[in-house]
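Below is one structure, written out as structure tokens; comments come after it.
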Amino acid sequence: MKLRLPYLLCSLIILLASGVRAQPAAPPATGTLTGRVLDDKAPAEFTNILLIATADSAVVKLELADAAGSFYFTEVPAATYFIRTTGIGYGQQDHPVFTLAAGQEMTLPTYQLNASGTDLETIEVTARKPFLEQKAGMLVVNVDQSITGQGGTVIDMLRKVPGIVIAGNRIQMAGKSGLTILIDGRPTKYMDIQSLLRDMPADNIKSIEVISQPGAQYDAEGSGGVINLVLKKNSLLGTNGSVYVGGGYGQRAKYRTGAQLSHRAGKLNLTGGASYNRNSWVEGLDLVRRFEDRTYVQTNRDFGLPNSYSLRGGADYDLTEQQRIGLNARYNWGQSPRSANNATEVVDPETGNLLESFVTSAERTRPWTSLNLDAFYRIKLDTSGQEINFDASYNRFTRDGRVELKTIGSAFPDRVNLEPSGADIVSGQVDYKKPLSTALVFKAGAKASMAELDNELLARFTENGEMVVDQNLSNRFLYDENIKAVYASLGWEQGELGANFGLRFEDTRMEGYNVTLDSFNNRNFSQLFPSLSFNAPAFGPIGVSVAYSYRIERPSYYDLNPFVSYLDPLTFEKGNPFLRPELIHSGQFSLTYEKQPFFNLSYDFTSDVIADVTEQDAATGVAFQNTVNLDRYVRYGGSLFFPLDFIAKPISGYGGFMLYYNDYTSDYLGSQLDQDQWSFTAFFQVNAKLPGDWKGEVSGWYQGKGIDGIIRTDPLYGVSAGVEKDFFDDRLNFILSGDGIIQKFFTGTIRYQEQNLDVRSIWEAPVVSMKLTYKFGNRFLKKNEGRRSAASEERGRLND
């Protein structure tokens, strides 16, 4: 019965949507609205007029005020609404709520708009969004509004998210790993995400969405939170473009350049762009591994010289006022050569005498490609807000790695590993929305995805002066994953009261095939994932909200891959093909101020938590990192956000604290693991208007002691700063930033059973970056032309 459920519900959604269009039902009772907007006594021409339903804050209709300031809406369903006006020189203003009856022809009162003082000879949309925006169920970090981090990669942008700490390959949110990273809502777990984030320029990112309590419409994937990277899209009217050049220096030089061009007119919107990025980097890993009779002191320095290229293009077209289709394509490729040196000293722990030493060099080349194709079709089924969306995507990722290891000072053999790999991911999704009344909204959808991955390891080593095949390591691993999902949710909002209940069903089929050993590892499971939320007023502007969700974290392909990757002859990492998915119960209580959360309490209970651990062999001195399931992980605590605008008028920004208790318990390596730790995180960002129209920014973060599986971590922190200025009527933008100008690196310890390890991870800091951007096109027009262009641009954003 479970296997039939996705197909039945998917069919029900399509039939429901089709039935609404096909049945000869009477047209809905509608009315008309007329009104006018003024700036004092003059018409507020070309102002955007948004008709918004109070039930779900959805934009029902859009119009542009004419030269007399008048606007007119027809075929408006009977409901309760309010008018929102936006425009250059006026900002955004919400006007009083009103109720339209069936068949009523209503004339609204004349709206007087408050001018913001903008009166420019040339007009460009320069209003800056707030760096942090709280929207329904998510925190939106508008990183394109940040000065620092712009000269780097996506890794640098992720460091701008409150509570995120990145140390080497570890990405944590308030001390917790297991973040699920999406790009425009698409999963990345099948990709080499570390290389992708390190090579992708920060210029591509518009915003980062932090989704703490995802609803039923989202994939149930994600235990440590969901991070969605939203790529930049065009919303400018006419033909516009920009070119940029940038560079930076830490321990290695970095530089990049790119251009983008867009054309938006009438029903058609075209975009295109190209970029080149050479983001050289330096990382280090220091290990001290202690045994009774010897201690290994290892110092590793890794130097990367990646070159990446990107081409992107897209088109969307309005078939009618109710229908839109679109296609977007991105192709990225590059080389990621790395050169590492690892020096190992074996010393006597009592006398400190050197027993042995050797140096291993590793040369890695990794050409890669990434292709993303996305298509969509949107249709508004009627004027009540009923709509259906279809999305389809194809993604292909390839990598052709080669690793050469040579050891001097010891008898360890040289090694050459060839590591070709490829991934193909296809997915399709349909989403349906229907308002059942002015207060009740029903949503449903279905999704299917298929992933096929092929990874091969051709291992060779020296024997008697010749390279021979290593039969123990050479392998080929095939992995297929098929996920089918359906969901339904019901949202209710009446005044300041609101509730949402959702249910998602996912059926997963996973098959891992070890070609060399001719062995299969199959995992099949089906699960229901409920989610619910409720919000209500408390007193004055203070409100409360509660939320609960049940989620899953499936092991990534790279965690399942059993291949071995060497740091040196005695240290390596490998995957675990027998990993189980982890399951998470998550609850949250929030206090809100004017519907914006500022204080949160949360509790998470995770079973079969996926964790990175280390193991050692005392006889050989070999140590390796592996990924395992630990029995239980409990996490609870809270966070507090606060604005910094009260300091002085030219200063704005935010600050915040997080305090969480983390507790791991498990039967691991024949003993009982029981480790716990309170973890404190603090962060801030201060923006200031400086003399001469300069803008300044200072940001910083602090992560206290923490725990992740069996490793305990010490405090670490960082501070960045930057300045920005526009020249030549805002056509030229200049950014100068210093990231990590104050930096405490990652250190940790492992004390479990016979393991006694100290770990230190370092990265390139400080890094000074510069970026120059020149903009051109229809965005630079004279007053009224610019106001009309800016208004149409805003309408484009809202339609998107």
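Ordering of the structure tokens sets the chain letters (A, B, ...); residue numbers start at 1 within each chain; ligands are numbered from 1 in the order shown.
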Name the residues in contact with region 750-754 of chain A at a cut-off of 8 Å, using only C-alpha atoms, excluding same-chain residues fewer than 5 positions from it; report them as a PDB file with all heavy atoms, in the first residue's frame.
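The result, written out as around_36.pdb:
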```pdb
ATOM      1  N   PHE A 291      50.848   7.208  21.541  1.00  0.00           N
ATOM      2  CA  PHE A 291      50.761   5.821  21.981  1.00  0.00           C
ATOM      3  C   PHE A 291      51.657   5.659  23.207  1.00  0.00           C
ATOM      4  O   PHE A 291      52.381   6.590  23.595  1.00  0.00           O
ATOM      5  CB  PHE A 291      51.191   4.871  20.866  1.00  0.00           C
ATOM      6  CG  PHE A 291      50.308   4.932  19.641  1.00  0.00           C
ATOM      7  CD1 PHE A 291      50.613   5.792  18.595  1.00  0.00           C
ATOM      8  CD2 PHE A 291      49.185   4.130  19.546  1.00  0.00           C
ATOM      9  CE1 PHE A 291      49.811   5.850  17.462  1.00  0.00           C
ATOM     10  CE2 PHE A 291      48.381   4.181  18.414  1.00  0.00           C
ATOM     11  CZ  PHE A 291      48.688   5.042  17.373  1.00  0.00           C
ATOM     12  N   SER A 671      32.908   0.157  23.710  1.00  0.00           N
ATOM     13  CA  SER A 671      32.784   0.898  24.967  1.00  0.00           C
ATOM     14  C   SER A 671      31.588   1.840  24.880  1.00  0.00           C
ATOM     15  O   SER A 671      31.020   2.047  23.810  1.00  0.00           O
ATOM     16  CB  SER A 671      34.057   1.694  25.257  1.00  0.00           C
ATOM     17  OG  SER A 671      35.157   0.830  25.448  1.00  0.00           O
ATOM     18  N   ILE A 710      33.161  12.410  18.803  1.00  0.00           N
ATOM     19  CA  ILE A 710      34.157  12.101  19.822  1.00  0.00           C
ATOM     20  C   ILE A 710      35.216  13.191  19.952  1.00  0.00           C
ATOM     21  O   ILE A 710      36.121  13.071  20.780  1.00  0.00           O
ATOM     22  CB  ILE A 710      34.850  10.747  19.532  1.00  0.00           C
ATOM     23  CG1 ILE A 710      35.681  10.824  18.244  1.00  0.00           C
ATOM     24  CG2 ILE A 710      33.828   9.621  19.445  1.00  0.00           C
ATOM     25  CD1 ILE A 710      36.536   9.579  18.016  1.00  0.00           C
ATOM     26  N   ILE A 711      35.124  14.263  19.183  1.00  0.00           N
ATOM     27  CA  ILE A 711      36.129  15.320  19.245  1.00  0.00           C
ATOM     28  C   ILE A 711      35.591  16.506  20.039  1.00  0.00           C
ATOM     29  O   ILE A 711      34.461  16.942  19.858  1.00  0.00           O
ATOM     30  CB  ILE A 711      36.578  15.753  17.835  1.00  0.00           C
ATOM     31  CG1 ILE A 711      37.723  16.759  17.928  1.00  0.00           C
ATOM     32  CG2 ILE A 711      35.421  16.311  17.030  1.00  0.00           C
ATOM     33  CD1 ILE A 711      38.367  17.056  16.595  1.00  0.00           C
ATOM     34  N   ARG A 712      36.432  17.011  20.950  1.00  0.00           N
ATOM     35  CA  ARG A 712      36.122  18.226  21.692  1.00  0.00           C
ATOM     36  C   ARG A 712      36.909  19.380  21.072  1.00  0.00           C
ATOM     37  O   ARG A 712      38.097  19.242  20.787  1.00  0.00           O
ATOM     38  CB  ARG A 712      36.474  18.077  23.170  1.00  0.00           C
ATOM     39  CG  ARG A 712      35.580  17.093  23.908  1.00  0.00           C
ATOM     40  CD  ARG A 712      35.871  17.076  25.399  1.00  0.00           C
ATOM     41  NE  ARG A 712      34.948  16.199  26.102  1.00  0.00           N
ATOM     42  CZ  ARG A 712      33.754  16.565  26.533  1.00  0.00           C
ATOM     43  NH1 ARG A 712      33.327  17.801  26.331  1.00  0.00           N
ATOM     44  NH2 ARG A 712      32.968  15.711  27.172  1.00  0.00           N
TER      45      ARG A 712
END
```
Subject >> Close residues, Glu764 (chain A) itself excluded, 7 Å, only C-alpha atoms, min 5 positions apart in chain, as a VMD selection string >> reply: chain A and resid 250 to 251 281 to 283
Just-selected residues, N, CA and C atoms written as a CSV table (one decimal), in the first residue's frame:
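Output saved as again_1.csv:
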```
chain,number,residue,atom,x,y,z
A,250,GLY,N,46.4,36.7,0.4
A,250,GLY,CA,46.6,36.3,1.8
A,250,GLY,C,48.1,35.8,1.9
A,251,GLN,N,48.2,34.4,1.6
A,251,GLN,CA,49.5,33.9,1.4
A,251,GLN,C,49.7,33.6,-0.1
A,281,TRP,N,44.6,29.0,-2.5
A,281,TRP,CA,44.4,28.9,-1.1
A,281,TRP,C,45.4,28.1,-0.4
A,282,VAL,N,45.5,28.3,0.9
A,282,VAL,CA,46.5,27.5,1.7
A,282,VAL,C,45.7,27.0,3.0
A,283,GLU,N,45.9,25.7,3.3
A,283,GLU,CA,45.3,25.1,4.5
A,283,GLU,C,46.4,24.3,5.2
```
Original post:
Could you name the residues that touch region 741-745 of chain A at 7 Å or less, counting only C-alpha atoms, but leaving out those on the same chain fewer than 6 positions away, as an MDAnalysis selection string?
Top reply: chainID A and resid 716:720 761:762 765:766
Export C-alpha atoms of the chosen residues as a compact mmCIF listing (two decimals), in the first residue's frame?
```
# COMPACT_ATOMS: atom_id res chain seq x y z
CA LEU A 716 37.88 30.09 18.00
CA TYR A 717 36.95 33.51 16.61
CA GLY A 718 37.41 35.91 13.71
CA VAL A 719 36.94 39.56 12.76
CA SER A 720 36.58 41.10 9.26
CA SER A 761 43.38 23.18 11.49
CA ILE A 762 44.47 26.47 9.92
CA ALA A 765 44.00 34.57 7.07
CA PRO A 766 44.02 37.47 6.86
```
Subject >> Who sits within 7 Å of Lys434 (chain A), only C-alpha atoms, same chain under 2 positions skipped, as a ChimeraX atom specification >> reply: /A:385-387,432,436,441-443
Let me see the file: selected residues, N, CA, C and O atoms, as a short mmCIF file (atom, residue, chain, number, x, y, z; two decimals), in the first residue's frame.
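The file below, selection_21.cif, is the result:
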```cif
data_model
loop_
_atom_site.label_atom_id
_atom_site.label_comp_id
_atom_site.auth_asym_id
_atom_site.auth_seq_id
_atom_site.Cartn_x
_atom_site.Cartn_y
_atom_site.Cartn_z
N GLY A 385 -6.36 32.91 -6.39
CA GLY A 385 -5.05 32.53 -5.86
C GLY A 385 -4.71 31.08 -6.10
O GLY A 385 -3.65 30.60 -5.67
N GLN A 386 -5.58 30.34 -6.81
CA GLN A 386 -5.30 28.95 -7.12
C GLN A 386 -4.25 28.87 -8.23
O GLN A 386 -4.36 29.54 -9.25
N GLU A 387 -3.22 28.06 -8.01
CA GLU A 387 -2.15 27.96 -9.00
C GLU A 387 -1.49 26.60 -8.91
O GLU A 387 -1.61 25.88 -7.92
N TYR A 432 0.80 22.45 -5.96
CA TYR A 432 -0.56 22.97 -6.16
C TYR A 432 -0.97 23.78 -4.94
O TYR A 432 -0.67 23.42 -3.79
N LEU A 436 -8.98 27.97 0.25
CA LEU A 436 -10.31 27.42 0.50
C LEU A 436 -11.26 28.47 1.03
O LEU A 436 -12.48 28.32 0.92
N VAL A 441 -5.78 28.03 3.48
CA VAL A 441 -5.08 27.77 2.23
C VAL A 441 -4.60 26.32 2.24
O VAL A 441 -3.96 25.86 3.20
N PHE A 442 -4.89 25.60 1.16
CA PHE A 442 -4.47 24.20 1.00
C PHE A 442 -3.33 24.13 -0.02
O PHE A 442 -3.40 24.77 -1.07
N LYS A 443 -2.28 23.36 0.30
CA LYS A 443 -1.17 23.15 -0.62
C LYS A 443 -0.88 21.65 -0.69
O LYS A 443 -1.02 20.93 0.30
#
```
**OP:** Tell me, as a ChimeraX atom specification, which residues lie within 12 Å of Asn332 (chain A), counting only C-alpha atoms; anything in the same chain fewer than 6 positions away does not count.
**Re:** /A:196,199-201,273-277,307-313,367-373,395-399
Original post:
Taking into account only C-alpha atoms, which residue in the set A:Phe776, A:Thr438, A:Asn114, A:Leu197 is nearest to Gln260 (chain A)?
Top reply: A:Phe776
Original post:
Hey, what's within 6 Å of region 501-516 of chain A if we count only C-alpha atoms and toss same-chain stuff fewer than 6 positions away? As a ChimeraX atom specification, please?
Top reply: /A:216,475-490,522-532
Original post:
Hey, what's within 10 Å of region 553-558 of chain A if we count only C-alpha atoms and toss same-chain stuff fewer than 5 positions away? As a PyMOL selection string, please?
Top reply: chain A and resi 178-180+188-193+220-224+423+453+455+478-481+508+512+563+574-584+606+608-610+627-629
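The spacing separating CA of Phe657 (chain A) from CA of Gly700 (chain A) amounts to 12.1 Å.
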